[in-house]
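Asker: Sharing model-v2.csv, CSV, C-alpha atoms and all ligand atoms:
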```csv
chain,number,residue,atom,x,y,z
M,1,MET,CA,93.9,-91.0,37.9
M,2,ASP,CA,91.3,-90.2,35.2
M,3,ASP,CA,89.9,-92.9,33.1
M,4,ALA,CA,88.3,-92.0,29.7
M,5,THR,CA,87.6,-95.6,28.8
M,6,THR,CA,85.2,-96.7,31.5
M,7,ALA,CA,82.7,-98.2,29.0
M,8,GLY,CA,85.2,-100.8,27.8
M,9,SER,CA,87.0,-101.3,31.0
M,10,ARG,CA,84.5,-101.8,33.8
M,11,PRO,CA,82.3,-104.8,34.6
M,12,GLY,CA,79.6,-105.2,31.9
M,13,ALA,CA,76.0,-104.2,32.2
M,14,GLY,CA,74.5,-105.9,35.2
M,15,GLY,CA,77.9,-106.8,36.6
M,16,GLN,CA,78.3,-106.4,40.4
M,17,PRO,CA,80.9,-103.8,41.5
M,18,GLY,CA,84.1,-105.7,42.0
M,19,ALA,CA,82.9,-108.7,40.1
M,20,ARG,CA,84.0,-109.7,36.6
M,21,GLY,CA,81.1,-108.8,34.2
M,22,ALA,CA,79.9,-110.8,31.2
M,23,HIS,CA,81.3,-108.2,28.7
M,24,ASP,CA,84.4,-107.5,30.6
M,25,ASP,CA,87.8,-108.2,29.1
M,26,LEU,CA,91.2,-108.1,30.7
M,27,VAL,CA,93.1,-106.9,27.7
M,28,ALA,CA,90.9,-103.9,27.3
M,29,ALA,CA,90.7,-103.2,31.0
M,30,LEU,CA,94.4,-103.2,31.7
M,31,PRO,CA,96.1,-99.8,31.7
M,32,LYS,CA,99.0,-100.1,29.2
M,33,ALA,CA,102.0,-98.1,28.1
M,34,GLU,CA,103.3,-98.3,24.5
M,35,LEU,CA,107.1,-97.9,24.3
M,36,HIS,CA,107.8,-98.9,20.7
M,37,LEU,CA,105.8,-96.9,18.3
M,38,HIS,CA,107.0,-95.0,15.2
M,39,ILE,CA,104.6,-92.2,14.7
M,40,GLU,CA,105.2,-92.3,10.9
M,41,GLY,CA,104.1,-96.0,11.1
M,42,THR,CA,100.6,-94.9,12.3
M,43,LEU,CA,99.8,-93.4,8.9
M,44,GLU,CA,96.6,-95.2,7.9
M,45,PRO,CA,96.1,-95.5,4.1
M,46,GLU,CA,93.0,-93.3,4.3
M,47,MET,CA,95.0,-90.5,5.9
M,48,ALA,CA,97.9,-91.0,3.5
M,49,VAL,CA,95.5,-90.4,0.5
M,50,GLU,CA,93.9,-87.4,2.2
M,51,LEU,CA,97.2,-85.8,3.0
M,52,ALA,CA,98.6,-86.5,-0.5
M,53,THR,CA,95.5,-84.7,-1.9
M,54,ARG,CA,95.8,-81.8,0.6
M,55,ASN,CA,99.4,-81.3,-0.2
M,56,GLY,CA,99.4,-82.0,-3.9
M,57,VAL,CA,101.9,-84.9,-3.4
M,58,ALA,CA,101.8,-87.8,-5.9
M,59,ILE,CA,101.8,-91.3,-4.5
M,60,PRO,CA,102.0,-94.4,-6.7
M,61,TYR,CA,98.7,-95.8,-5.5
M,62,PRO,CA,95.2,-94.8,-6.8
M,63,SER,CA,93.3,-95.4,-3.5
M,64,ALA,CA,93.6,-96.3,0.1
M,65,GLU,CA,92.5,-99.9,-0.7
M,66,ALA,CA,95.3,-100.2,-3.3
M,67,LEU,CA,97.8,-98.8,-0.7
M,68,ARG,CA,96.6,-101.3,1.9
M,69,ARG,CA,96.9,-104.1,-0.6
M,70,ALA,CA,100.6,-103.2,-1.0
M,71,TYR,CA,101.3,-103.8,2.6
M,72,VAL,CA,102.8,-107.3,2.1
M,73,PHE,CA,106.5,-107.4,3.1
M,74,GLU,CA,109.4,-109.8,2.5
M,75,ASP,CA,111.6,-108.4,5.2
M,76,LEU,CA,112.5,-105.1,7.1
M,77,GLN,CA,113.9,-103.4,4.0
M,78,SER,CA,110.9,-104.1,1.8
M,79,PHE,CA,108.7,-102.5,4.5
M,80,LEU,CA,111.0,-99.5,5.0
M,81,ASP,CA,110.8,-98.7,1.2
M,82,VAL,CA,107.0,-98.4,1.5
M,83,TYR,CA,107.2,-96.6,4.9
M,84,TYR,CA,109.6,-93.9,3.6
M,85,THR,CA,107.3,-93.4,0.5
M,86,GLY,CA,104.4,-92.9,3.0
M,87,CYS,CA,106.4,-90.2,4.8
M,88,SER,CA,106.3,-88.1,1.7
M,89,VAL,CA,102.7,-86.9,2.3
M,90,LEU,CA,103.7,-85.4,5.6
M,91,VAL,CA,104.5,-81.7,4.9
M,92,THR,CA,103.0,-79.2,7.3
M,93,ASP,CA,102.9,-79.0,11.1
M,94,ASP,CA,99.2,-79.7,10.9
M,95,ASP,CA,99.9,-82.9,9.1
M,96,PHE,CA,102.2,-84.1,11.9
M,97,TYR,CA,99.6,-82.9,14.5
M,98,ASP,CA,96.7,-84.7,12.8
M,99,LEU,CA,98.8,-87.9,12.5
M,100,THR,CA,99.8,-87.8,16.1
M,101,MET,CA,96.4,-86.9,17.4
M,102,ALA,CA,94.8,-89.8,15.4
M,103,TYR,CA,97.2,-92.3,17.0
M,104,LEU,CA,96.7,-90.9,20.5
M,105,ARG,CA,92.9,-91.2,20.2
M,106,ARG,CA,93.1,-94.7,18.9
M,107,ALA,CA,95.6,-95.8,21.6
M,108,ARG,CA,93.5,-94.1,24.3
M,109,SER,CA,90.5,-96.1,23.2
M,110,GLN,CA,92.6,-99.2,23.9
M,111,ASN,CA,93.4,-98.0,27.4
M,112,VAL,CA,97.0,-97.0,26.5
M,113,ARG,CA,97.7,-94.4,29.2
M,114,HIS,CA,101.3,-93.6,28.4
M,115,VAL,CA,103.3,-93.6,25.1
M,116,GLU,CA,107.0,-93.1,24.3
M,117,MET,CA,106.9,-92.4,20.6
M,118,TYR,CA,109.7,-92.3,18.0
M,119,PHE,CA,109.9,-90.0,15.1
M,120,ASP,CA,112.5,-90.0,12.3
M,121,PRO,CA,113.6,-86.4,11.7
M,122,GLN,CA,115.8,-87.4,8.8
M,123,SER,CA,112.8,-88.9,6.9
M,124,HIS,CA,111.5,-85.4,6.7
M,125,THR,CA,114.5,-83.0,6.8
M,126,THR,CA,116.0,-84.9,3.8
M,127,ARG,CA,112.8,-83.9,1.9
M,128,GLY,CA,113.3,-80.3,2.8
M,129,ILE,CA,110.8,-80.2,5.7
M,130,PRO,CA,112.2,-78.1,8.6
M,131,LEU,CA,112.8,-79.9,11.8
M,132,ALA,CA,110.8,-77.2,13.6
M,133,THR,CA,107.7,-78.2,11.6
M,134,VAL,CA,107.9,-81.8,12.6
M,135,VAL,CA,108.7,-81.2,16.3
M,136,GLU,CA,106.1,-78.5,16.7
M,137,GLY,CA,103.3,-80.5,15.1
M,138,ILE,CA,104.0,-83.7,17.1
M,139,SER,CA,104.6,-81.8,20.4
M,140,ARG,CA,101.4,-79.8,20.0
M,141,ALA,CA,99.5,-83.1,19.7
M,142,LEU,CA,101.3,-84.6,22.7
M,143,ALA,CA,100.3,-81.6,24.8
M,144,ASP,CA,96.7,-81.9,23.7
M,145,GLY,CA,96.8,-85.6,24.3
M,146,ARG,CA,97.8,-84.8,27.9
M,147,ASP,CA,95.1,-82.1,28.3
M,148,GLU,CA,92.2,-83.7,26.4
M,149,LEU,CA,92.9,-87.5,26.8
M,150,GLY,CA,94.9,-87.6,30.0
M,151,MET,CA,97.7,-89.4,28.3
M,152,SER,CA,101.3,-88.9,29.3
M,153,SER,CA,104.0,-89.2,26.7
M,154,GLY,CA,107.6,-88.9,25.7
M,155,LEU,CA,109.2,-88.2,22.3
M,156,ILE,CA,112.2,-90.2,21.1
M,157,LEU,CA,114.4,-88.7,18.3
M,158,SER,CA,115.5,-91.6,16.2
M,159,PHE,CA,118.5,-91.6,13.9
M,160,LEU,CA,118.3,-93.5,10.6
M,161,ARG,CA,121.1,-96.0,10.8
M,162,HIS,CA,121.4,-96.5,7.0
M,163,LEU,CA,122.6,-92.8,6.9
M,164,SER,CA,126.1,-91.8,8.1
M,165,ALA,CA,127.2,-91.0,11.6
M,166,GLU,CA,128.0,-87.4,10.4
M,167,GLU,CA,124.4,-87.0,9.3
M,168,ALA,CA,123.2,-88.3,12.7
M,169,ALA,CA,125.5,-85.8,14.4
M,170,ALA,CA,124.1,-82.9,12.4
M,171,THR,CA,120.6,-84.0,13.2
M,172,LEU,CA,121.4,-84.0,16.9
M,173,ASP,CA,123.0,-80.5,16.6
M,174,ASP,CA,119.7,-79.2,15.1
M,175,ALA,CA,117.5,-81.1,17.5
M,176,LEU,CA,119.3,-79.8,20.6
M,177,ALA,CA,117.5,-76.5,20.0
M,178,TYR,CA,114.4,-78.4,21.1
M,179,ARG,CA,116.1,-80.4,23.8
M,180,ASP,CA,113.1,-80.2,26.1
M,181,ALA,CA,110.8,-81.8,23.6
M,182,PHE,CA,112.7,-85.1,23.8
M,183,VAL,CA,113.1,-87.8,26.4
M,184,ALA,CA,115.6,-90.0,24.5
M,185,VAL,CA,117.4,-90.7,21.3
M,186,GLY,CA,117.0,-93.9,19.4
M,187,LEU,CA,118.3,-95.8,16.4
M,188,ASP,CA,116.1,-97.4,13.6
M,189,SER,CA,116.0,-98.3,9.9
M,190,SER,CA,118.0,-101.0,8.1
M,191,GLU,CA,119.8,-103.0,10.9
M,192,VAL,CA,122.1,-105.5,9.3
M,193,GLY,CA,125.4,-103.9,8.2
M,194,ASN,CA,124.7,-100.8,10.4
M,195,PRO,CA,125.9,-101.8,13.8
M,196,PRO,CA,125.3,-99.7,16.9
M,197,GLU,CA,129.0,-98.9,17.2
M,198,LYS,CA,128.7,-96.7,14.1
M,199,PHE,CA,126.8,-94.2,16.3
M,200,ARG,CA,129.1,-94.3,19.3
M,201,ASP,CA,129.9,-90.5,19.3
M,202,VAL,CA,126.4,-89.1,18.6
M,203,PHE,CA,124.9,-91.3,21.4
M,204,ALA,CA,127.6,-90.2,23.8
M,205,ARG,CA,126.8,-86.5,23.0
M,206,ALA,CA,123.1,-87.1,23.4
M,207,ARG,CA,123.6,-88.8,26.8
M,208,GLN,CA,125.8,-85.9,27.9
M,209,ALA,CA,122.9,-83.6,27.0
M,210,GLY,CA,120.9,-85.6,29.5
M,211,LEU,CA,118.8,-87.7,27.1
M,212,GLN,CA,118.1,-91.3,27.6
M,213,ALA,CA,119.2,-93.8,24.9
M,214,VAL,CA,117.4,-96.7,23.3
M,215,ALA,CA,118.1,-98.6,20.1
M,216,HIS,CA,116.6,-101.2,17.8
M,217,ALA,CA,118.9,-104.2,18.0
M,218,GLY,CA,118.4,-108.0,17.5
M,219,GLU,CA,115.4,-107.6,15.2
M,220,GLU,CA,117.2,-108.9,12.0
M,221,GLY,CA,120.7,-108.2,13.4
M,222,PRO,CA,122.7,-110.6,15.5
M,223,PRO,CA,122.8,-110.8,19.3
M,224,SER,CA,126.2,-108.9,19.2
M,225,TYR,CA,124.3,-105.8,18.1
M,226,ILE,CA,122.4,-106.0,21.4
M,227,VAL,CA,125.7,-106.1,23.3
M,228,GLN,CA,127.0,-103.1,21.4
M,229,ALA,CA,123.8,-101.2,22.1
M,230,LEU,CA,124.2,-101.7,25.8
M,231,ASP,CA,128.0,-101.3,26.1
M,232,ILE,CA,128.8,-98.8,23.4
M,233,LEU,CA,125.6,-96.7,23.1
M,234,GLY,CA,124.6,-97.0,26.8
M,235,VAL,CA,121.0,-97.8,26.0
M,236,ARG,CA,118.5,-98.2,28.9
M,237,ARG,CA,116.1,-100.3,26.7
M,238,VAL,CA,116.5,-102.5,23.6
M,239,ASP,CA,113.9,-102.3,20.8
M,240,HIS,CA,112.9,-105.8,19.5
M,241,GLY,CA,115.8,-107.7,21.0
M,242,VAL,CA,114.2,-111.0,20.1
M,243,ARG,CA,117.4,-112.5,18.7
M,244,CYS,CA,119.0,-112.3,22.2
M,245,MET,CA,117.6,-115.9,22.7
M,246,GLU,CA,120.4,-117.2,20.5
M,247,ASP,CA,123.0,-116.2,23.0
M,248,GLY,CA,122.6,-117.8,26.5
M,249,ALA,CA,125.2,-115.5,28.2
M,250,LEU,CA,123.4,-112.5,26.8
M,251,VAL,CA,120.1,-113.7,28.1
M,252,GLU,CA,121.5,-114.2,31.5
M,253,ARG,CA,122.8,-110.7,31.5
M,254,LEU,CA,119.5,-109.2,30.3
M,255,VAL,CA,117.7,-111.1,33.0
M,256,ALA,CA,120.1,-110.1,35.7
M,257,GLU,CA,120.1,-106.4,34.7
M,258,GLN,CA,116.3,-106.5,33.8
M,259,VAL,CA,117.0,-104.6,30.6
M,260,PRO,CA,113.6,-104.0,29.0
M,261,LEU,CA,113.0,-105.4,25.5
M,262,THR,CA,110.2,-103.8,23.5
M,263,VAL,CA,108.9,-106.7,21.5
M,264,CYS,CA,106.4,-106.2,18.6
M,265,PRO,CA,104.9,-109.6,17.8
M,266,ILE,CA,102.7,-108.7,14.8
M,267,SER,CA,105.5,-106.6,13.3
M,268,ASN,CA,107.9,-109.6,13.6
M,269,VAL,CA,105.5,-111.8,11.7
M,270,LYS,CA,104.7,-109.2,9.0
M,271,LEU,CA,108.5,-108.7,8.5
M,272,ARG,CA,109.2,-112.4,8.6
M,273,VAL,CA,111.4,-112.4,11.6
M,274,PHE,CA,109.2,-115.3,12.7
M,275,PRO,CA,107.2,-117.5,10.3
M,276,SER,CA,104.0,-117.2,12.4
M,277,LEU,CA,102.7,-115.9,15.7
M,278,ALA,CA,102.5,-119.4,17.1
M,279,GLU,CA,106.3,-119.7,16.6
M,280,HIS,CA,107.1,-116.3,18.2
M,281,ASN,CA,109.4,-116.5,21.2
M,282,VAL,CA,107.9,-113.6,23.3
M,283,LEU,CA,106.3,-115.9,25.9
M,284,ALA,CA,109.5,-118.0,26.1
M,285,MET,CA,111.3,-114.7,26.8
M,286,LEU,CA,108.8,-113.7,29.4
M,287,ARG,CA,109.0,-117.1,31.2
M,288,ARG,CA,112.8,-116.9,31.1
M,289,GLY,CA,112.6,-113.8,33.3
M,290,LEU,CA,113.3,-111.1,30.7
M,291,CYS,CA,111.6,-107.8,31.1
M,292,VAL,CA,109.5,-108.0,27.9
M,293,THR,CA,106.9,-105.5,26.8
M,294,VAL,CA,104.4,-105.8,23.9
M,295,ASN,CA,104.1,-103.0,21.4
M,296,SER,CA,102.8,-102.2,17.9
M,297,ASP,CA,105.8,-100.7,16.1
M,298,ASP,CA,104.1,-99.5,12.8
M,299,PRO,CA,100.5,-100.4,13.4
M,300,ALA,CA,99.0,-98.9,10.2
M,301,TYR,CA,101.4,-101.0,8.1
M,302,PHE,CA,101.2,-104.2,10.2
M,303,GLY,CA,97.5,-104.3,10.9
M,304,GLY,CA,97.5,-104.2,14.7
M,305,TYR,CA,97.7,-101.6,17.5
M,306,VAL,CA,98.7,-102.6,21.1
M,307,GLU,CA,95.5,-104.3,21.9
M,308,GLU,CA,95.6,-106.5,18.8
M,309,ASN,CA,99.2,-107.5,19.8
M,310,TYR,CA,98.1,-108.6,23.3
M,311,ARG,CA,95.2,-110.5,21.8
M,312,ALA,CA,97.4,-112.2,19.3
M,313,LEU,CA,99.4,-113.6,22.2
M,314,GLN,CA,96.3,-115.0,23.8
M,315,ALA,CA,95.0,-116.5,20.5
M,316,ALA,CA,98.2,-117.9,19.1
M,317,LEU,CA,100.3,-118.6,22.1
M,318,GLY,CA,97.8,-119.2,24.9
M,319,ALA,CA,99.1,-116.2,27.0
M,320,THR,CA,97.4,-116.5,30.4
M,321,ASP,CA,95.8,-113.6,32.3
M,322,GLY,CA,98.9,-113.6,34.5
M,323,ASP,CA,101.1,-113.2,31.4
M,324,LEU,CA,99.0,-110.3,30.2
M,325,VAL,CA,99.2,-108.5,33.6
M,326,GLN,CA,102.9,-109.1,33.7
M,327,LEU,CA,103.4,-107.6,30.2
M,328,ALA,CA,101.3,-104.5,31.1
M,329,ARG,CA,103.2,-104.1,34.4
M,330,ASN,CA,106.5,-104.3,32.5
M,331,SER,CA,105.3,-101.6,30.1
M,332,PHE,CA,105.2,-99.1,33.0
M,333,THR,CA,108.3,-100.3,34.8
M,334,ALA,CA,110.3,-100.1,31.5
M,335,SER,CA,109.1,-96.6,30.8
M,336,PHE,CA,110.9,-93.3,31.4
M,337,LEU,CA,108.0,-92.1,33.6
M,338,GLU,CA,109.0,-90.4,36.8
M,339,GLU,CA,108.3,-92.5,39.9
M,340,GLY,CA,105.2,-90.8,41.1
M,341,ALA,CA,103.3,-91.3,37.8
M,342,ARG,CA,104.6,-94.8,37.4
M,343,SER,CA,103.3,-95.8,40.9
M,344,GLU,CA,99.9,-94.3,40.1
M,345,TYR,CA,99.6,-96.3,36.8
M,346,LEU,CA,100.8,-99.5,38.6
M,347,ALA,CA,98.2,-99.0,41.3
M,348,ASP,CA,95.5,-98.7,38.7
M,349,LEU,CA,96.8,-101.8,37.1
M,350,ASP,CA,96.8,-103.7,40.4
M,351,GLU,CA,93.2,-102.8,40.9
M,352,VAL,CA,92.2,-104.2,37.5
M,353,ALA,CA,94.3,-107.3,38.2
M,354,ARG,CA,92.5,-107.8,41.5
M,355,ARG,CA,89.1,-107.4,39.9
M,356,PHE,CA,90.0,-110.1,37.4
M,357,GLY,CA,91.3,-112.4,40.2
M,358,VAL,CA,94.9,-112.3,38.8
M,359,LEU,CA,96.4,-110.8,42.0
B,401,LIG,N1,112.7,-101.5,12.5
B,401,LIG,C1,113.6,-100.7,12.0
B,401,LIG,N2,113.3,-99.5,11.6
B,401,LIG,C2,112.0,-99.1,11.6
B,401,LIG,C3,111.0,-99.9,12.1
B,401,LIG,C4,111.4,-101.2,12.5
B,401,LIG,O1,110.6,-102.1,13.0
B,401,LIG,N3,109.9,-99.2,12.0
B,401,LIG,C5,110.2,-98.0,11.5
B,401,LIG,N4,111.5,-97.9,11.3
B,402,ZN,ZN,110.6,-100.2,15.4
```
Written as structure tokens, that's how I'd like the structure from this file.
Answerer:
Amino acid sequence: MDDATTAGSRPGAGGQPGARGAHDDLVAALPKAELHLHIEGTLEPEMAVELATRNGVAIPYPSAEALRRAYVFEDLQSFLDVYYTGCSVLVTDDDFYDLTMAYLRRARSQNVRHVEMYFDPQSHTTRGIPLATVVEGISRALADGRDELGMSSGLILSFLRHLSAEEAAATLDDALAYRDAFVAVGLDSSEVGNPPEKFRDVFARARQAGLQAVAHAGEEGPPSYIVQALDILGVRRVDHGVRCMEDGALVERLVAEQVPLTVCPISNVKLRVFPSLAEHNVLAMLRRGLCVTVNSDDPAYFGGYVEENYRALQAALGATDGDLVQLARNSFTASFLEEGARSEYLADLDEVARRFGVL
């Protein structure tokens, strides 16, 4: 499998082949998959200002620095208010292409080899942007990411749970015209008060169309939302899921069924799900046998891409090399990759783990 990041991921200058070099670094070297990433959440302030100018859209901040300074959040809703304002600068298919390509390049530089990416169609269609514009711009970038960067990818169509079930159903109807562009449907936005069961019918229809299902649950919402996501929506993976640890029976089930949980540590601290990284439960979840993965969620808003999230676990929680290898391994086993590609990535990962003496 190709490797465009050899500089950062091989033994450092003077290192012996097969030996761990002075400048080598396990986090950078590990092949990783990102499974919880909102493409709209990768809009860096500089690009937001550039696109606002390009499209003649007014944003209530005079500069990229002012925008970045505004990224202090009380909770999920206070973040979403800023995030939806940010979406307003995305107008043309080139905007969606540029946004997606910038993320892919950055992720690839961190040795992210596969990404399953959300987009929120309703954040755009409600502003009069055609669904075709959004899907074509993102899909064109994902195709170039495959050709130019050797990155595999899947696109997840996410319903905004603060809007009605009928609006989600209409969104699915429109999106089925592009069925082959998607690997799954998802559910995001304001969690509390918008339980998974509200979207029972639209998820059933999406699964009948052959799409996988995932949902945000147990970020701010209670463990019962995780149970609903599994039993009512038929999800294969739960996004966040950190509040599962409040329900012992649920934890046992998630361990027994190895349901993947796409945890986003820096996001959780920025949105005050946990007071600090040192108090985050991700390593406790991992040690309990849960299939945990580490992801960035909305990296431009929270100040960390995948690599920074892995490093945060080393720095604040003392994650061991073995933990980091397990998290990277889980990111591929929890993905919707087909078996052949999954095995190739895992073989690459094993080779790196051996080089670092972790296997
Ligand atoms: N949670 C819910 N909705 C979202 C998020 C999130 O972390 N990011 C973008 N939409
Ligand atoms: Zn999310």
Asker: Any residue with an atom at most 7 Å from ligand LIG 401 (chain B) counts, using all atoms listed in the file. Which are they? Put them as a ChimeraX atom specification.
Answerer: /M:38,41,76,80,188-191,216,267,297-298
Asker: Considering all atoms listed in the file, return as a tab-separated table (two decimals) with C-alpha atoms, keeping the file's coordinate frame whatever protein or nucleic-acid residues lie within 12 Å of Gly56 of chain M, sequence-local ones (same chain, fewer than 5 positions apart) excluded.
Answerer:
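Everything below was put into selection-v9.tsv:
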```
chain	number	residue	atom	x	y	z
M	48	ALA	CA	97.90	-91.00	3.50
M	49	VAL	CA	95.50	-90.40	0.50
M	50	GLU	CA	93.90	-87.40	2.20
M	51	LEU	CA	97.20	-85.80	3.00
M	88	SER	CA	106.30	-88.10	1.70
M	89	VAL	CA	102.70	-86.90	2.30
M	90	LEU	CA	103.70	-85.40	5.60
M	91	VAL	CA	104.50	-81.70	4.90
```
Asker: Write out as number ranges by chain each polymer residue (protein, DNA or RNA) that has an atom no more than 12 Å from ligand ZN 402 (chain B), with all atoms listed in the file counted.
Answerer: M: 34-42, 76, 79-80, 83, 116-120, 156, 158-160, 186-191, 214-220, 238-241, 261-268, 271, 294-299, 301-302
Asker: Generate the output file for the selected residues, C-alpha atoms, as a short mmCIF file (atom, residue, chain, number, x, y, z; two decimals), in the coordinates of the input.
Answerer:
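Contents of out34.cif, as written:
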```cif
data_model
loop_
_atom_site.label_atom_id
_atom_site.label_comp_id
_atom_site.auth_asym_id
_atom_site.auth_seq_id
_atom_site.Cartn_x
_atom_site.Cartn_y
_atom_site.Cartn_z
CA GLU M 34 103.30 -98.30 24.50
CA LEU M 35 107.10 -97.90 24.30
CA HIS M 36 107.80 -98.90 20.70
CA LEU M 37 105.80 -96.90 18.30
CA HIS M 38 107.00 -95.00 15.20
CA ILE M 39 104.60 -92.20 14.70
CA GLU M 40 105.20 -92.30 10.90
CA GLY M 41 104.10 -96.00 11.10
CA THR M 42 100.60 -94.90 12.30
CA LEU M 76 112.50 -105.10 7.10
CA PHE M 79 108.70 -102.50 4.50
CA LEU M 80 111.00 -99.50 5.00
CA TYR M 83 107.20 -96.60 4.90
CA GLU M 116 107.00 -93.10 24.30
CA MET M 117 106.90 -92.40 20.60
CA TYR M 118 109.70 -92.30 18.00
CA PHE M 119 109.90 -90.00 15.10
CA ASP M 120 112.50 -90.00 12.30
CA ILE M 156 112.20 -90.20 21.10
CA SER M 158 115.50 -91.60 16.20
CA PHE M 159 118.50 -91.60 13.90
CA LEU M 160 118.30 -93.50 10.60
CA GLY M 186 117.00 -93.90 19.40
CA LEU M 187 118.30 -95.80 16.40
CA ASP M 188 116.10 -97.40 13.60
CA SER M 189 116.00 -98.30 9.90
CA SER M 190 118.00 -101.00 8.10
CA GLU M 191 119.80 -103.00 10.90
CA VAL M 214 117.40 -96.70 23.30
CA ALA M 215 118.10 -98.60 20.10
CA HIS M 216 116.60 -101.20 17.80
CA ALA M 217 118.90 -104.20 18.00
CA GLY M 218 118.40 -108.00 17.50
CA GLU M 219 115.40 -107.60 15.20
CA GLU M 220 117.20 -108.90 12.00
CA VAL M 238 116.50 -102.50 23.60
CA ASP M 239 113.90 -102.30 20.80
CA HIS M 240 112.90 -105.80 19.50
CA GLY M 241 115.80 -107.70 21.00
CA LEU M 261 113.00 -105.40 25.50
CA THR M 262 110.20 -103.80 23.50
CA VAL M 263 108.90 -106.70 21.50
CA CYS M 264 106.40 -106.20 18.60
CA PRO M 265 104.90 -109.60 17.80
CA ILE M 266 102.70 -108.70 14.80
CA SER M 267 105.50 -106.60 13.30
CA ASN M 268 107.90 -109.60 13.60
CA LEU M 271 108.50 -108.70 8.50
CA VAL M 294 104.40 -105.80 23.90
CA ASN M 295 104.10 -103.00 21.40
CA SER M 296 102.80 -102.20 17.90
CA ASP M 297 105.80 -100.70 16.10
CA ASP M 298 104.10 -99.50 12.80
CA PRO M 299 100.50 -100.40 13.40
CA TYR M 301 101.40 -101.00 8.10
CA PHE M 302 101.20 -104.20 10.20
#
```
Asker: Could you tell me how far atom CA of Ser335 of chain M sits from atom CA of Val115 of chain M, in Å to one decimal place?
Answerer: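 Answer for the atom CA of Val115 of chain M to atom CA of Ser335 of chain M separation: 8.7 Å.
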Asker: Could you work out how far atom CA of Ala66 of chain M lies from atom CA of His124 of chain M, giving the answer in Å with one decimal?
Answerer: 24.1 Å
Asker: At a cut-off of 10 Å, using all atoms listed in the file, what residues contact Asn281 of chain M? Leave out same-chain residues fewer than 4 positions from it and give the result as a VMD selection string.
Answerer: chain M and resid 242 to 243 245 263 265 274 277 285 to 286 317
Asker: Taking only N, CA and C atoms, show segment 277-288 of chain M of the given structure as an mmCIF file, in the first residue's frame.
Answerer:
```
data_model
loop_
_atom_site.group_PDB
_atom_site.id
_atom_site.type_symbol
_atom_site.label_atom_id
_atom_site.label_comp_id
_atom_site.auth_asym_id
_atom_site.auth_seq_id
_atom_site.Cartn_x
_atom_site.Cartn_y
_atom_site.Cartn_z
ATOM 1 N N LEU M 277 -9.087 16.969 30.058
ATOM 2 C CA LEU M 277 -8.645 15.716 29.423
ATOM 3 C C LEU M 277 -8.258 14.690 30.473
ATOM 4 N N ALA M 278 -7.651 15.169 31.557
ATOM 5 C CA ALA M 278 -7.212 14.242 32.612
ATOM 6 C C ALA M 278 -8.397 13.489 33.220
ATOM 7 N N GLU M 279 -9.591 14.085 33.108
ATOM 8 C CA GLU M 279 -10.790 13.441 33.674
ATOM 9 C C GLU M 279 -11.606 12.686 32.623
ATOM 10 N N HIS M 280 -11.086 12.624 31.391
ATOM 11 C CA HIS M 280 -11.828 11.930 30.331
ATOM 12 C C HIS M 280 -11.804 10.421 30.566
ATOM 13 N N ASN M 281 -12.904 9.747 30.190
ATOM 14 C CA ASN M 281 -13.013 8.311 30.495
ATOM 15 C C ASN M 281 -12.568 7.390 29.349
ATOM 16 N N VAL M 282 -11.930 7.961 28.307
ATOM 17 C CA VAL M 282 -11.659 7.136 27.120
ATOM 18 C C VAL M 282 -10.739 5.948 27.425
ATOM 19 N N LEU M 283 -9.733 6.131 28.257
ATOM 20 C CA LEU M 283 -8.860 4.985 28.538
ATOM 21 C C LEU M 283 -9.559 3.977 29.443
ATOM 22 N N ALA M 284 -10.404 4.478 30.338
ATOM 23 C CA ALA M 284 -11.195 3.542 31.163
ATOM 24 C C ALA M 284 -12.107 2.712 30.258
ATOM 25 N N MET M 285 -12.661 3.342 29.231
ATOM 26 C CA MET M 285 -13.515 2.613 28.280
ATOM 27 C C MET M 285 -12.702 1.550 27.547
ATOM 28 N N LEU M 286 -11.532 1.945 27.096
ATOM 29 C CA LEU M 286 -10.674 1.011 26.354
ATOM 30 C C LEU M 286 -10.307 -0.184 27.228
ATOM 31 N N ARG M 287 -9.910 0.098 28.465
ATOM 32 C CA ARG M 287 -9.463 -0.971 29.375
ATOM 33 C C ARG M 287 -10.625 -1.874 29.777
ATOM 34 N N ARG M 288 -11.840 -1.331 29.694
ATOM 35 C CA ARG M 288 -13.038 -2.134 30.026
ATOM 36 C C ARG M 288 -13.369 -3.095 28.870
#
```
